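Everything on this sheet refers to the single structure shown next.
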Amino acid sequence: MSTAKPESACRRTDNGKCANHLQQQFSQDSPNLVRVSDITYLKAGGKWYYPCVVIDLFSRKVVSWRLSSKADTDPVITTFRKAYGSRNAPFGLMFQSDRGTQYTAFTFRQLFDSLNVVQSFSKKGYPFANAVCECFFKYLKLEETNRRTYHTFYELYLSVFEYIEGYYNSRRPHGSPGYLTPNETENAYWGHG
């Protein structure tokens, strides 16, 4: 875990508060306005591994993810950078997460400051403010990982990959974007489908 103190990172940018700018406005009118992110834990071969996801609120698409052996700032930064770069570096992006040390670390805040990304935090002890990610991880576990036993990191990685890329983004409909899959929602928006 990062050794940065969450409150010091928040104090530096939000006058003593980790502000919740999103205010649970989970419905967005277009892609690349708001992304949400979180980390959970999964077991393989007796060891814990930590998937991190970045989800676009418009389509509920997982635009980037990473499975790591550590739950520190590095995988969060890598996952964010991949999502940011893959979507043409959206200007004025808002990024919602919980107040975990990975997200409040000074290095993460510096990156956001350099890219003009607005960071938004869920209230302490209030997981509903990051409900989209919480819901994603609930279904990842329910529909995929809790039904299997993994002996290696690679087995777990393939399972998460197949769930996200082969099912969740492309075949699993979501209620909020009109019961379309994330890919269908984005294709309809961009006029590709």
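If you're wondering about the labels, chains in the structure tokens are A, B, ... by order shown, residues count from 1 in each chain, ligands from 1 in order shown.
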> Just asking: which residues within chain A are strand (DSSP E or B) according to DSSP, as a ChimeraX atom specification?
Replying inline: /A:34-39,42-44,47-56,61-68,94-97,118-121,174,180
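The residue set within 6 Å of Phe95 of chain A, counting only C-alpha atoms and dropping same-chain residues fewer than 6 places from it, reads Val34, Arg35, Val36, Gln119 and Ser120 of chain A.
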Would you put the residues from that selection into a file with C-alpha atoms, as a compact mmCIF listing (two decimals), in the first residue's frame?
```
# COMPACT_ATOMS: atom_id res chain seq x y z
CA VAL A 34 -16.88 10.63 -16.05
CA ARG A 35 -14.90 7.53 -15.20
CA VAL A 36 -15.15 5.52 -12.00
CA GLN A 119 -10.91 14.01 -8.94
CA SER A 120 -14.06 13.13 -7.04
```
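Of the residues under consideration (A:Lys138, A:Ser114, A:Pro182, A:Pro90), A:Pro182 shows the shortest atom-to-atom contact distance to Gly166 of chain A when counting only C-alpha atoms.
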>> Please identify the helix (DSSP H, G or I) residues within segment 13-176 of chain A (assignment by DSSP from backbone atoms) and present them as a PyMOL selection string.
In response: chain A and resi 13-14+73-86+101-104+106-115+127-143+145-147+153-168
Given only C-alpha atoms, how would the per-residue table for segment 40-62 of chain A near segment 155-160 of chain A read, listing every residue at most 10 Å away with its closest atom pair and distance in Å to one decimal, sorted by chain and number, as a tab-separated table?
```
residue	atom	partner	partner_atom	distance
A:Leu42	CA	A:Leu156	CA	8.3
A:Lys43	CA	A:Leu156	CA	8.1
A:Ala44	CA	A:Leu156	CA	6.4
A:Gly45	CA	A:Leu156	CA	9.4
A:Tyr49	CA	A:Leu156	CA	8.8
A:Pro51	CA	A:Val160	CA	8.6
```
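Every protein, DNA or RNA residue with an atom at most 9 Å from Thr40 of chain A, where only C-alpha atoms count and chain neighbours fewer than 6 positions away do not, is listed here: Tyr49, Tyr50, Pro51, Cys52, Ala71, Glu134 and Phe137 of chain A.
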Just to be explicit: take each residue in the selection above, keep N, CA and C atoms, and write the result as a PDB file, in the first residue's frame.
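Contents of again-v3.pdb, as written:
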```
ATOM      1  N   TYR A  49      -4.705 -11.455  -5.277  1.00  0.00           N
ATOM      2  CA  TYR A  49      -4.406 -10.572  -6.397  1.00  0.00           C
ATOM      3  C   TYR A  49      -5.480  -9.492  -6.456  1.00  0.00           C
ATOM      4  N   TYR A  50      -5.130  -8.370  -7.086  1.00  0.00           N
ATOM      5  CA  TYR A  50      -5.964  -7.180  -6.986  1.00  0.00           C
ATOM      6  C   TYR A  50      -6.320  -6.637  -8.371  1.00  0.00           C
ATOM      7  N   PRO A  51      -7.553  -6.877  -8.816  1.00  0.00           N
ATOM      8  CA  PRO A  51      -7.982  -6.257 -10.065  1.00  0.00           C
ATOM      9  C   PRO A  51      -8.388  -4.803  -9.828  1.00  0.00           C
ATOM     10  N   CYS A  52      -7.946  -3.945 -10.722  1.00  0.00           N
ATOM     11  CA  CYS A  52      -8.338  -2.534 -10.729  1.00  0.00           C
ATOM     12  C   CYS A  52      -9.046  -2.282 -12.050  1.00  0.00           C
ATOM     13  N   ALA A  71      -1.652  -4.078  -4.169  1.00  0.00           N
ATOM     14  CA  ALA A  71      -2.770  -3.115  -4.173  1.00  0.00           C
ATOM     15  C   ALA A  71      -2.244  -1.731  -3.829  1.00  0.00           C
ATOM     16  N   GLU A 134     -18.709  -1.026  -7.512  1.00  0.00           N
ATOM     17  CA  GLU A 134     -19.092  -2.054  -6.541  1.00  0.00           C
ATOM     18  C   GLU A 134     -19.960  -3.113  -7.226  1.00  0.00           C
ATOM     19  N   PHE A 137     -17.857  -5.391  -9.602  1.00  0.00           N
ATOM     20  CA  PHE A 137     -17.099  -6.419  -8.890  1.00  0.00           C
ATOM     21  C   PHE A 137     -18.020  -7.489  -8.303  1.00  0.00           C
TER      22      PHE A 137
END
```
>> List as a list in words the protein and nucleic acid residues near Ser30 of chain A, meaning an atom at most 10 Å away when only C-alpha atoms are counted, but skip any in the same chain fewer than 2 places from it.
In response: Ser27, Gln28, Asn32, Leu33, Val34, Asp56, Leu57, Phe58, Ser59, Thr185, Glu186, Tyr189 and Trp190 of chain A
Residue subset to file, keeping N, CA and C atoms, as an mmCIF file, in the first residue's frame:
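For reference, out-v5.cif as written:
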```cif
data_model
loop_
_atom_site.group_PDB
_atom_site.id
_atom_site.type_symbol
_atom_site.label_atom_id
_atom_site.label_comp_id
_atom_site.auth_asym_id
_atom_site.auth_seq_id
_atom_site.Cartn_x
_atom_site.Cartn_y
_atom_site.Cartn_z
ATOM 1 N N SER A 27 -25.792 8.660 -14.393
ATOM 2 C CA SER A 27 -26.207 8.707 -15.793
ATOM 3 C C SER A 27 -25.526 9.881 -16.479
ATOM 4 N N GLN A 28 -24.806 9.595 -17.547
ATOM 5 C CA GLN A 28 -24.096 10.628 -18.286
ATOM 6 C C GLN A 28 -24.580 10.645 -19.734
ATOM 7 N N ASN A 32 -16.696 9.581 -22.078
ATOM 8 C CA ASN A 32 -15.499 10.363 -21.762
ATOM 9 C C ASN A 32 -15.756 11.594 -20.887
ATOM 10 N N LEU A 33 -16.881 11.604 -20.181
ATOM 11 C CA LEU A 33 -17.140 12.689 -19.233
ATOM 12 C C LEU A 33 -16.735 12.293 -17.820
ATOM 13 N N VAL A 34 -17.154 11.097 -17.410
ATOM 14 C CA VAL A 34 -16.882 10.628 -16.048
ATOM 15 C C VAL A 34 -16.451 9.171 -16.092
ATOM 16 N N ASP A 56 -16.335 3.694 -17.802
ATOM 17 C CA ASP A 56 -16.960 4.912 -18.301
ATOM 18 C C ASP A 56 -18.436 4.894 -17.905
ATOM 19 N N LEU A 57 -18.909 5.937 -17.228
ATOM 20 C CA LEU A 57 -20.278 5.935 -16.723
ATOM 21 C C LEU A 57 -21.337 5.971 -17.826
ATOM 22 N N PHE A 58 -21.043 6.539 -18.963
ATOM 23 C CA PHE A 58 -22.033 6.625 -20.033
ATOM 24 C C PHE A 58 -22.497 5.238 -20.474
ATOM 25 N N SER A 59 -21.561 4.362 -20.771
ATOM 26 C CA SER A 59 -21.882 3.045 -21.322
ATOM 27 C C SER A 59 -21.712 1.904 -20.334
ATOM 28 N N THR A 185 -23.872 0.315 -26.681
ATOM 29 C CA THR A 185 -24.188 1.684 -26.263
ATOM 30 C C THR A 185 -23.219 2.670 -26.913
ATOM 31 N N GLU A 186 -21.945 2.352 -26.873
ATOM 32 C CA GLU A 186 -20.946 3.259 -27.468
ATOM 33 C C GLU A 186 -21.045 3.264 -28.982
ATOM 34 N N TYR A 189 -23.848 5.490 -29.985
ATOM 35 C CA TYR A 189 -23.521 6.895 -29.781
ATOM 36 C C TYR A 189 -22.637 7.425 -30.898
ATOM 37 N N TRP A 190 -21.628 6.649 -31.277
ATOM 38 C CA TRP A 190 -20.679 7.082 -32.299
ATOM 39 C C TRP A 190 -21.167 6.798 -33.712
#
```
> Could you pull the residues within 12 Å of Phe108 of chain A, counting only C-alpha atoms, minus those fewer than 2 positions along the same chain, as JSON, numbers by chain?
Replying inline: {"A": [2, 4, 6, 9, 10, 72, 73, 74, 75, 76, 77, 78, 79, 80, 81, 95, 100, 101, 102, 103, 104, 105, 106, 110, 111, 112, 113, 114, 115, 117, 118, 119]}
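If you measure from each of A:Ser68, A:Asn169, A:Thr152, A:Thr107 to Phe136 of chain A using only C-alpha atoms, the closest one turns out to be A:Asn169.
Across A:Leu180, A:Ala89, A:Ile39, A:Val63, the tightest approach to Cys133 of chain A is made by A:Ile39 when counting only C-alpha atoms.
Across the model, the gap from atom CA of Asp29 of chain A to atom CA of Arg60 of chain A is 12.2 Å.
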